[in-house]
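Peer 1: Next up, structure-v1.pdb (PDB, C-alpha atoms, pLDDT in the B column).
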```pdb
ATOM      1  CA  MET A 134      86.979  83.226  82.999  1.00 73.00           C
ATOM      2  CA  LEU A 135      90.672  83.641  83.891  1.00 77.00           C
ATOM      3  CA  SER A 136      90.936  80.514  86.021  1.00 78.00           C
ATOM      4  CA  ASN A 137      87.849  78.346  85.434  1.00 83.00           C
ATOM      5  CA  THR A 138      88.820  74.745  84.739  1.00 84.00           C
ATOM      6  CA  ASP A 139      85.999  73.754  82.381  1.00 88.00           C
ATOM      7  CA  ASN A 140      87.040  72.839  78.826  1.00 90.00           C
ATOM      8  CA  ALA A 141      85.393  75.895  77.237  1.00 92.00           C
ATOM      9  CA  SER A 142      87.244  78.350  79.530  1.00 90.00           C
ATOM     10  CA  VAL A 143      90.602  76.621  78.979  1.00 91.00           C
ATOM     11  CA  ALA A 144      90.032  76.585  75.194  1.00 92.00           C
ATOM     12  CA  LEU A 145      89.052  80.267  75.207  1.00 93.00           C
ATOM     13  CA  ARG A 146      92.182  81.289  77.136  1.00 91.00           C
ATOM     14  CA  LYS A 147      94.356  79.190  74.816  1.00 92.00           C
ATOM     15  CA  LEU A 148      92.765  80.785  71.743  1.00 93.00           C
ATOM     16  CA  LEU A 149      93.165  84.257  73.233  1.00 93.00           C
ATOM     17  CA  LEU A 150      96.855  83.747  74.041  1.00 94.00           C
ATOM     18  CA  GLU A 151      97.701  82.091  70.716  1.00 94.00           C
ATOM     19  CA  SER A 152      95.770  84.359  68.346  1.00 95.00           C
ATOM     20  CA  CYS A 153      95.905  87.681  70.199  1.00 95.00           C
ATOM     21  CA  ASN A 154      98.454  89.736  72.077  1.00 96.00           C
ATOM     22  CA  LEU A 155      96.927  89.880  75.557  1.00 95.00           C
ATOM     23  CA  HIS A 156      99.189  92.692  76.735  1.00 95.00           C
ATOM     24  CA  THR A 157      97.330  93.939  79.836  1.00 95.00           C
ATOM     25  CA  VAL A 158      95.015  92.577  82.518  1.00 94.00           C
ATOM     26  CA  LEU A 159      93.387  95.220  84.733  1.00 94.00           C
ATOM     27  CA  ASP A 160      92.117  93.737  88.010  1.00 91.00           C
ATOM     28  CA  MET A 161      89.422  96.005  89.435  1.00 88.00           C
ATOM     29  CA  PRO A 162      88.026  95.830  92.985  1.00 84.00           C
ATOM     30  CA  GLY A 163      84.653  94.327  93.854  1.00 79.00           C
ATOM     31  CA  GLY A 164      81.821  96.831  93.597  1.00 77.00           C
ATOM     32  CA  THR A 165      83.322  98.617  90.580  1.00 79.00           C
ATOM     33  CA  PHE A 166      80.232  97.749  88.561  1.00 75.00           C
ATOM     34  CA  THR A 167      76.971  97.554  90.475  1.00 70.00           C
ATOM     35  CA  GLY A 168      75.256  94.203  90.249  1.00 66.00           C
ATOM     36  CA  ALA A 169      78.264  92.291  88.925  1.00 61.00           C
ATOM     37  CA  GLY A 170      78.552  90.351  92.174  1.00 62.00           C
ATOM     38  CA  VAL A 171      82.235  89.596  91.532  1.00 69.00           C
ATOM     39  CA  LYS A 172      85.440  91.476  90.881  1.00 76.00           C
ATOM     40  CA  THR A 173      85.795  92.794  87.364  1.00 84.00           C
ATOM     41  CA  VAL A 174      88.849  92.022  85.242  1.00 88.00           C
ATOM     42  CA  THR A 175      89.387  93.958  82.025  1.00 90.00           C
ATOM     43  CA  LEU A 176      91.462  92.379  79.255  1.00 93.00           C
ATOM     44  CA  PHE A 177      93.379  94.513  76.764  1.00 94.00           C
ATOM     45  CA  PHE A 178      94.444  92.619  73.654  1.00 95.00           C
ATOM     46  CA  GLN A 179      95.245  93.072  69.995  1.00 95.00           C
ATOM     47  CA  LYS A 180      94.202  90.437  67.495  1.00 95.00           C
ATOM     48  CA  GLY A 181      96.666  89.002  65.027  1.00 92.00           C
ATOM     49  CA  GLU A 182      99.800  88.076  66.934  1.00 94.00           C
ATOM     50  CA  PRO A 183     100.381  85.667  69.842  1.00 95.00           C
ATOM     51  CA  THR A 184     100.953  86.842  73.384  1.00 95.00           C
ATOM     52  CA  LYS A 185     104.526  86.892  74.634  1.00 95.00           C
ATOM     53  CA  LYS A 186     104.111  88.713  77.947  1.00 95.00           C
ATOM     54  CA  VAL A 187     101.087  89.813  79.975  1.00 95.00           C
ATOM     55  CA  TRP A 188     101.224  92.832  82.282  1.00 96.00           C
ATOM     56  CA  PHE A 189      98.864  92.742  85.277  1.00 94.00           C
ATOM     57  CA  TYR A 190      97.735  95.764  87.281  1.00 94.00           C
ATOM     58  CA  GLN A 191      95.642  95.684  90.468  1.00 92.00           C
ATOM     59  CA  LEU A 192      93.587  98.844  90.736  1.00 91.00           C
ATOM     60  CA  ASP A 193      93.316 100.057  94.324  1.00 88.00           C
ATOM     61  CA  PRO A 194      91.405 103.332  94.610  1.00 86.00           C
ATOM     62  CA  GLY A 195      91.847 103.278  98.402  1.00 83.00           C
ATOM     63  CA  ARG A 196      88.115 103.162  99.089  1.00 85.00           C
ATOM     64  CA  ASN A 197      85.132 100.843  98.790  1.00 80.00           C
ATOM     65  CA  MET A 198      83.511 101.042  95.403  1.00 78.00           C
ATOM     66  CA  GLY A 199      79.768 101.116  94.862  1.00 77.00           C
ATOM     67  CA  LYS A 200      76.752 103.000  93.605  1.00 78.00           C
ATOM     68  CA  THR A 201      77.436 106.036  95.806  1.00 81.00           C
ATOM     69  CA  ASN A 202      81.214 105.852  95.334  1.00 82.00           C
ATOM     70  CA  PRO A 203      81.766 104.985  91.650  1.00 84.00           C
ATOM     71  CA  LEU A 204      84.953 104.564  89.666  1.00 85.00           C
ATOM     72  CA  ASN A 205      86.156 107.886  88.256  1.00 87.00           C
ATOM     73  CA  ASP A 206      88.887 109.235  85.972  1.00 90.00           C
ATOM     74  CA  LYS A 207      91.132 110.055  88.941  1.00 91.00           C
ATOM     75  CA  ASP A 208      91.120 106.376  89.951  1.00 90.00           C
ATOM     76  CA  MET A 209      92.551 105.406  86.565  1.00 91.00           C
ATOM     77  CA  VAL A 210      95.406 107.964  86.335  1.00 93.00           C
ATOM     78  CA  GLU A 211      98.142 105.728  87.765  1.00 93.00           C
ATOM     79  CA  PHE A 212      97.079 102.735  85.659  1.00 94.00           C
ATOM     80  CA  ILE A 213      97.057 104.784  82.443  1.00 94.00           C
ATOM     81  CA  GLU A 214     100.489 106.237  83.207  1.00 94.00           C
ATOM     82  CA  LEU A 215     102.083 102.908  84.202  1.00 94.00           C
ATOM     83  CA  GLN A 216     100.576 101.076  81.228  1.00 92.00           C
ATOM     84  CA  LYS A 217     102.912 103.046  78.954  1.00 94.00           C
ATOM     85  CA  THR A 218     106.031 101.354  80.387  1.00 95.00           C
ATOM     86  CA  LYS A 219     104.492  98.378  82.244  1.00 94.00           C
ATOM     87  CA  PRO A 220     106.854  98.425  85.244  1.00 93.00           C
ATOM     88  CA  GLU A 221     106.957  96.003  88.180  1.00 92.00           C
ATOM     89  CA  SER A 222     105.524  97.474  91.393  1.00 90.00           C
ATOM     90  CA  GLU A 223     103.491  96.466  94.445  1.00 89.00           C
ATOM     91  CA  LYS A 224     100.395  96.703  92.229  1.00 91.00           C
ATOM     92  CA  SER A 225     101.779  95.481  88.897  1.00 93.00           C
ATOM     93  CA  TRP A 226     103.781  92.599  87.495  1.00 93.00           C
ATOM     94  CA  SER A 227     104.459  90.788  84.239  1.00 93.00           C
ATOM     95  CA  LEU A 228     104.047  87.155  83.297  1.00 91.00           C
ATOM     96  CA  ASP A 229     105.812  85.468  80.388  1.00 93.00           C
ATOM     97  CA  VAL A 230     103.561  83.209  78.346  1.00 92.00           C
ATOM     98  CA  ALA A 231     106.232  80.502  78.635  1.00 92.00           C
ATOM     99  CA  ASP A 232     105.516  80.454  82.389  1.00 91.00           C
ATOM    100  CA  ILE A 233     101.779  79.831  81.919  1.00 89.00           C
ATOM    101  CA  ASP A 234     100.653  76.212  82.405  1.00 88.00           C
ATOM    102  CA  ASP A 235      99.834  74.931  78.909  1.00 87.00           C
ATOM    103  CA  LYS A 236      97.287  72.459  80.327  1.00 90.00           C
ATOM    104  CA  THR A 237      95.055  75.075  82.010  1.00 90.00           C
ATOM    105  CA  TYR A 238      96.231  78.426  80.602  1.00 89.00           C
ATOM    106  CA  ASP A 239      95.366  79.807  84.047  1.00 88.00           C
ATOM    107  CA  LEU A 240      95.539  83.606  84.050  1.00 87.00           C
ATOM    108  CA  SER A 241      94.206  84.186  87.557  1.00 84.00           C
ATOM    109  CA  VAL A 242      95.374  87.343  89.233  1.00 73.00           C
ATOM    110  CA  LYS A 243      98.005  86.388  91.845  1.00 80.00           C
ATOM    111  CA  ASN A 244     100.193  89.371  92.666  1.00 82.00           C
ATOM    112  CA  PRO A 245     103.736  88.158  93.484  1.00 79.00           C
ATOM    113  CA  ASN A 246     104.736  91.668  94.618  1.00 77.00           C
ATOM    114  CA  THR A 247     102.265  92.073  97.480  1.00 73.00           C
ATOM    115  CA  PRO A 248     104.235  92.971 100.611  1.00 67.00           C
ATOM    116  CA  GLU A 249     104.241  90.241 103.214  1.00 66.00           C
ATOM    117  CA  GLU A 250     102.190  90.876 106.310  1.00 65.00           C
ATOM    118  CA  ALA A 251     103.913  90.762 109.672  1.00 66.00           C
ATOM    119  CA  PRO A 252     103.648  87.287 111.196  1.00 75.00           C
ATOM    120  CA  LEU A 253     101.146  86.872 113.998  1.00 80.00           C
ATOM    121  CA  ARG A 254     102.528  86.729 117.512  1.00 82.00           C
ATOM    122  CA  SER A 255     102.063  83.633 119.619  1.00 85.00           C
ATOM    123  CA  PRO A 256      99.544  83.725 122.495  1.00 88.00           C
ATOM    124  CA  GLU A 257     102.467  83.429 124.943  1.00 89.00           C
ATOM    125  CA  GLU A 258     104.101  86.569 123.503  1.00 86.00           C
ATOM    126  CA  ILE A 259     100.832  88.487 123.711  1.00 88.00           C
ATOM    127  CA  LEU A 260     100.242  87.434 127.333  1.00 90.00           C
ATOM    128  CA  ALA A 261     103.812  88.339 128.326  1.00 89.00           C
ATOM    129  CA  GLN A 262     103.415  91.805 126.786  1.00 90.00           C
ATOM    130  CA  MET A 263     100.074  92.267 128.557  1.00 90.00           C
ATOM    131  CA  GLU A 264     101.702  91.385 131.895  1.00 91.00           C
ATOM    132  CA  THR A 265     104.513  93.870 131.242  1.00 89.00           C
ATOM    133  CA  LEU A 266     102.047  96.603 130.330  1.00 90.00           C
ATOM    134  CA  ASP A 267      99.891  95.808 133.373  1.00 92.00           C
ATOM    135  CA  ALA A 268     102.957  96.101 135.634  1.00 91.00           C
ATOM    136  CA  GLU A 269     103.874  99.458 134.034  1.00 90.00           C
ATOM    137  CA  THR A 270     100.300 100.683 134.503  1.00 91.00           C
ATOM    138  CA  ALA A 271     100.312  99.598 138.148  1.00 91.00           C
ATOM    139  CA  ASP A 272     103.597 101.480 138.729  1.00 89.00           C
ATOM    140  CA  LEU A 273     102.174 104.609 137.091  1.00 89.00           C
ATOM    141  CA  LEU A 274      98.997 104.436 139.168  1.00 91.00           C
ATOM    142  CA  LYS A 275     101.069 104.008 142.346  1.00 91.00           C
ATOM    143  CA  SER A 276     103.132 107.091 141.426  1.00 89.00           C
ATOM    144  CA  ILE A 277      99.998 109.128 140.727  1.00 90.00           C
ATOM    145  CA  LYS A 278      98.413 108.071 144.058  1.00 90.00           C
ATOM    146  CA  GLU A 279     101.553 109.170 145.909  1.00 89.00           C
ATOM    147  CA  LEU A 280     101.269 112.598 144.317  1.00 87.00           C
ATOM    148  CA  VAL A 281      97.635 113.011 145.393  1.00 83.00           C
TER     149      VAL A 281
END
```
Rewrite the structure of this file - the entire thing - as structure tokens.

Peer 2:
Amino acid sequence: MLSNTDNASVALRKLLLESCNLHTVLDMPGGTFTGAGVKTVTLFFQKGEPTKKVWFYQLDPGRNMGKTNPLNDKDMVEFIELQKTKPESEKSWSLDVADIDDKTYDLSVKNPNTPEEAPLRSPEEILAQMETLDAETADLLKSIKELV
């Protein structure tokens, strides 16, 4: 719904943004609701005034969700607290409506605050480190054999 490109989805997002204040989007992990088959996104909006800014929050309970491990009140504590002030964090960010593409009204959840992962090492670097570690291991084994 937030990023589909069919005319009905685009028109629905446009209507939502222009006739309601979509103030919060809660992105929940897959498995939150059994049988949904996809991640669940909850929209918080108030009818009657247009949206100016949307605050996004990515819920991360730190575990896999499912039938035997359901969402609980404790999982929602941080979201409820942060929603009061809507700060920027690794799990939350804001988007001005002026920055939304007025052709697609795409509201897909793309967290700009996710920390970057360390770049992968080249195969040459990995092999060089393996050779160094092998040489250190050989030296240690030689020292141990001399002690025995």

Peer 1: One number please: CA of Phe166 in chain A to CA of Ile213 in chain A, in Å, one decimal.

Peer 2: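 Value for the CA of Phe166 in chain A-CA of Ile213 in chain A distance: 19.2 Å.
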
Peer 1: One number please: CA of Lys236 in chain A to CA of Asp160 in chain A, in Å, one decimal.

Peer 2: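 Taking CA of Lys236 in chain A and CA of Asp160 in chain A, their separation equals 23.2 Å.
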
Peer 1: Please enumerate the residues selected by the PyMOL selection byres ((chain A and resi 212) around 12) when evaluated against the supplied file, formatted as a PyMOL selection string.

Peer 2: chain A and resi 157-161+188-194+206-211+213-220+222+224-225

Peer 1: Report the distance between CA of Thr184 in chain A and CA of Leu228 in chain A in Å, rounded to one decimal place.

Peer 2: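 Pair CA of Thr184 in chain A / CA of Leu228 in chain A returns 10.4 Å.
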
Peer 1: So, counting only C-alpha atoms, which residue among A:Ile233, A:Asp267, A:Glu279, A:Trp226 is closest to Thr247 in chain A?

Peer 2: A:Trp226

Peer 1: Around range 158-164 of chain A, with edges along x, y and z and 5 Å added on all six sides, what centre and edge lengths do you get, in Å to one decimal, as AutoDock Vina command-line options?

Peer 2:
```
--center_x 88.4 --center_y 94.7 --center_z 88.2 --size_x 23.2 --size_y 14.3 --size_z 21.3
```

Peer 1: Any chance you could resolve the PyMOL selection byres ((chain A and resi 238) around 10) against this file and give the residues as a list of chain:residue names?

Peer 2: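 Given this file, the PyMOL selection byres ((chain A and resi 238) around 10) evaluates to A:Leu135, A:Ser136, A:Asn137, A:Thr138, A:Ser142, A:Val143, A:Ala144, A:Leu145, A:Arg146, A:Lys147, A:Leu148, A:Leu149, A:Leu150, A:Val230, A:Asp232, A:Ile233, A:Asp234, A:Asp235, A:Lys236, A:Thr237, A:Asp239, A:Leu240, A:Ser241.
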
Peer 1: Under the rule that all atoms listed in the file are counted, which of A:Thr201, A:Asn154, A:Thr167, A:Ser276 is the nearest residue to Lys186 in chain A?

Peer 2: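 Nearest candidate to Lys186 in chain A out of A:Thr201, A:Asn154, A:Thr167, A:Ser276: A:Asn154.
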
Peer 1: Got a moment to write range 217-267 of chain A out with N, CA and C atoms, as a CSV table (one decimal), in the first residue's frame?

Peer 2:
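Contents of result-v7.csv, freshly written:
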```
chain,number,residue,atom,x,y,z
A,217,LYS,N,5.8,10.7,21.5
A,217,LYS,CA,5.5,12.0,22.1
A,217,LYS,C,6.3,13.2,21.5
A,218,THR,N,7.6,12.9,21.3
A,218,THR,CA,8.4,14.0,20.8
A,218,THR,C,8.9,13.8,19.3
A,219,LYS,N,8.8,12.6,18.8
A,219,LYS,CA,9.1,12.2,17.5
A,219,LYS,C,10.6,12.6,17.1
A,220,PRO,N,11.5,12.1,17.9
A,220,PRO,CA,12.9,12.4,17.6
A,220,PRO,C,13.5,11.6,16.4
A,221,GLU,N,14.7,12.0,15.9
A,221,GLU,CA,15.4,11.3,15.0
A,221,GLU,C,16.3,10.3,15.8
A,222,SER,N,16.4,9.0,15.3
A,222,SER,CA,17.3,8.1,15.9
A,222,SER,C,17.6,7.0,14.9
A,223,GLU,N,18.3,6.0,15.3
A,223,GLU,CA,18.6,4.9,14.4
A,223,GLU,C,17.4,4.2,13.9
A,224,LYS,N,16.3,4.2,14.7
A,224,LYS,CA,15.1,3.6,14.4
A,224,LYS,C,13.9,4.5,14.0
A,225,SER,N,14.2,5.8,14.0
A,225,SER,CA,13.1,6.7,13.7
A,225,SER,C,13.6,7.9,12.9
A,226,TRP,N,12.8,8.5,12.0
A,226,TRP,CA,13.1,9.6,11.2
A,226,TRP,C,11.8,10.3,10.8
A,227,SER,N,12.0,11.5,10.3
A,227,SER,CA,10.8,12.3,9.8
A,227,SER,C,11.0,12.6,8.3
A,228,LEU,N,9.9,12.8,7.7
A,228,LEU,CA,9.9,13.1,6.2
A,228,LEU,C,8.9,14.2,6.0
A,229,ASP,N,9.4,15.3,5.4
A,229,ASP,CA,8.5,16.4,5.1
A,229,ASP,C,7.7,16.0,3.8
A,230,VAL,N,6.4,16.4,3.8
A,230,VAL,CA,5.5,16.1,2.7
A,230,VAL,C,6.1,16.7,1.4
A,231,ALA,N,6.7,17.9,1.5
A,231,ALA,CA,7.3,18.5,0.4
A,231,ALA,C,8.4,17.7,-0.3
A,232,ASP,N,9.0,16.7,0.4
A,232,ASP,CA,10.0,15.9,-0.1
A,232,ASP,C,9.4,14.6,-0.7
A,233,ILE,N,8.1,14.4,-0.6
A,233,ILE,CA,7.5,13.2,-1.2
A,233,ILE,C,7.2,13.4,-2.7
A,234,ASP,N,7.5,12.5,-3.5
A,234,ASP,CA,7.3,12.6,-5.0
A,234,ASP,C,5.8,12.7,-5.2
A,235,ASP,N,5.4,13.8,-5.8
A,235,ASP,CA,4.0,14.1,-6.0
A,235,ASP,C,3.4,13.3,-7.2
A,236,LYS,N,4.2,12.5,-7.9
A,236,LYS,CA,3.7,11.6,-9.0
A,236,LYS,C,3.3,10.2,-8.4
A,237,THR,N,4.1,9.8,-7.4
A,237,THR,CA,3.8,8.4,-6.8
A,237,THR,C,3.3,8.5,-5.4
A,238,TYR,N,3.6,9.5,-4.7
A,238,TYR,CA,3.3,9.6,-3.2
A,238,TYR,C,3.8,8.4,-2.5
A,239,ASP,N,5.0,8.0,-2.9
A,239,ASP,CA,5.6,6.8,-2.3
A,239,ASP,C,6.0,7.0,-0.8
A,240,LEU,N,5.5,6.2,0.0
A,240,LEU,CA,5.7,6.3,1.5
A,240,LEU,C,6.4,5.1,2.0
A,241,SER,N,7.2,4.4,1.1
A,241,SER,CA,7.8,3.2,1.6
A,241,SER,C,8.8,3.5,2.7
A,242,VAL,N,9.0,2.5,3.5
A,242,VAL,CA,9.8,2.7,4.7
A,242,VAL,C,11.3,2.5,4.3
A,243,LYS,N,12.1,3.6,4.2
A,243,LYS,CA,13.5,3.5,3.9
A,243,LYS,C,14.2,4.3,5.0
A,244,ASN,N,14.7,3.7,6.0
A,244,ASN,CA,15.4,4.3,7.1
A,244,ASN,C,16.7,5.0,6.7
A,245,PRO,N,16.8,6.3,6.7
A,245,PRO,CA,18.1,7.0,6.3
A,245,PRO,C,19.1,6.9,7.5
A,246,ASN,N,18.7,6.5,8.7
A,246,ASN,CA,19.5,6.6,9.8
A,246,ASN,C,20.1,5.2,10.2
A,247,THR,N,19.9,4.2,9.4
A,247,THR,CA,20.5,2.9,9.7
A,247,THR,C,22.0,3.0,9.6
A,248,PRO,N,22.7,2.5,10.6
A,248,PRO,CA,24.2,2.6,10.6
A,248,PRO,C,24.7,1.8,9.4
A,249,GLU,N,25.8,2.3,8.8
A,249,GLU,CA,26.4,1.6,7.6
A,249,GLU,C,27.1,0.4,8.1
A,250,GLU,N,27.0,-0.7,7.4
A,250,GLU,CA,27.7,-1.9,7.7
A,250,GLU,C,29.2,-1.7,7.3
A,251,ALA,N,30.1,-2.4,8.0
A,251,ALA,CA,31.5,-2.4,7.6
A,251,ALA,C,31.6,-3.0,6.2
A,252,PRO,N,32.5,-2.3,5.3
A,252,PRO,CA,32.6,-2.9,4.0
A,252,PRO,C,33.3,-4.3,4.0
A,253,LEU,N,33.0,-5.1,3.1
A,253,LEU,CA,33.5,-6.4,3.0
A,253,LEU,C,35.0,-6.3,2.6
A,254,ARG,N,35.8,-7.2,3.1
A,254,ARG,CA,37.2,-7.2,2.7
A,254,ARG,C,37.4,-8.0,1.4
A,255,SER,N,38.4,-7.6,0.7
A,255,SER,CA,38.7,-8.3,-0.6
A,255,SER,C,39.3,-9.7,-0.3
A,256,PRO,N,39.1,-10.6,-1.2
A,256,PRO,CA,39.7,-12.0,-1.1
A,256,PRO,C,41.2,-11.9,-0.8
A,257,GLU,N,41.9,-11.0,-1.4
A,257,GLU,CA,43.3,-10.9,-1.1
A,257,GLU,C,43.6,-10.6,0.3
A,258,GLU,N,42.9,-9.6,0.9
A,258,GLU,CA,43.1,-9.3,2.3
A,258,GLU,C,42.8,-10.5,3.2
A,259,ILE,N,41.7,-11.2,2.9
A,259,ILE,CA,41.4,-12.4,3.7
A,259,ILE,C,42.5,-13.4,3.7
A,260,LEU,N,43.0,-13.7,2.5
A,260,LEU,CA,44.0,-14.7,2.3
A,260,LEU,C,45.3,-14.3,3.0
A,261,ALA,N,45.6,-13.0,2.9
A,261,ALA,CA,46.8,-12.5,3.6
A,261,ALA,C,46.7,-12.7,5.1
A,262,GLN,N,45.5,-12.4,5.7
A,262,GLN,CA,45.3,-12.5,7.1
A,262,GLN,C,45.4,-14.0,7.5
A,263,MET,N,44.8,-14.9,6.7
A,263,MET,CA,44.9,-16.3,6.9
A,263,MET,C,46.3,-16.8,7.0
A,264,GLU,N,47.2,-16.3,6.0
A,264,GLU,CA,48.6,-16.7,6.0
A,264,GLU,C,49.3,-16.2,7.3
A,265,THR,N,49.0,-15.0,7.7
A,265,THR,CA,49.6,-14.5,8.9
A,265,THR,C,49.2,-15.3,10.1
A,266,LEU,N,47.9,-15.6,10.2
A,266,LEU,CA,47.4,-16.4,11.3
A,266,LEU,C,48.0,-17.8,11.3
A,267,ASP,N,48.1,-18.4,10.1
A,267,ASP,CA,48.7,-19.7,10.0
A,267,ASP,C,50.2,-19.7,10.5
```
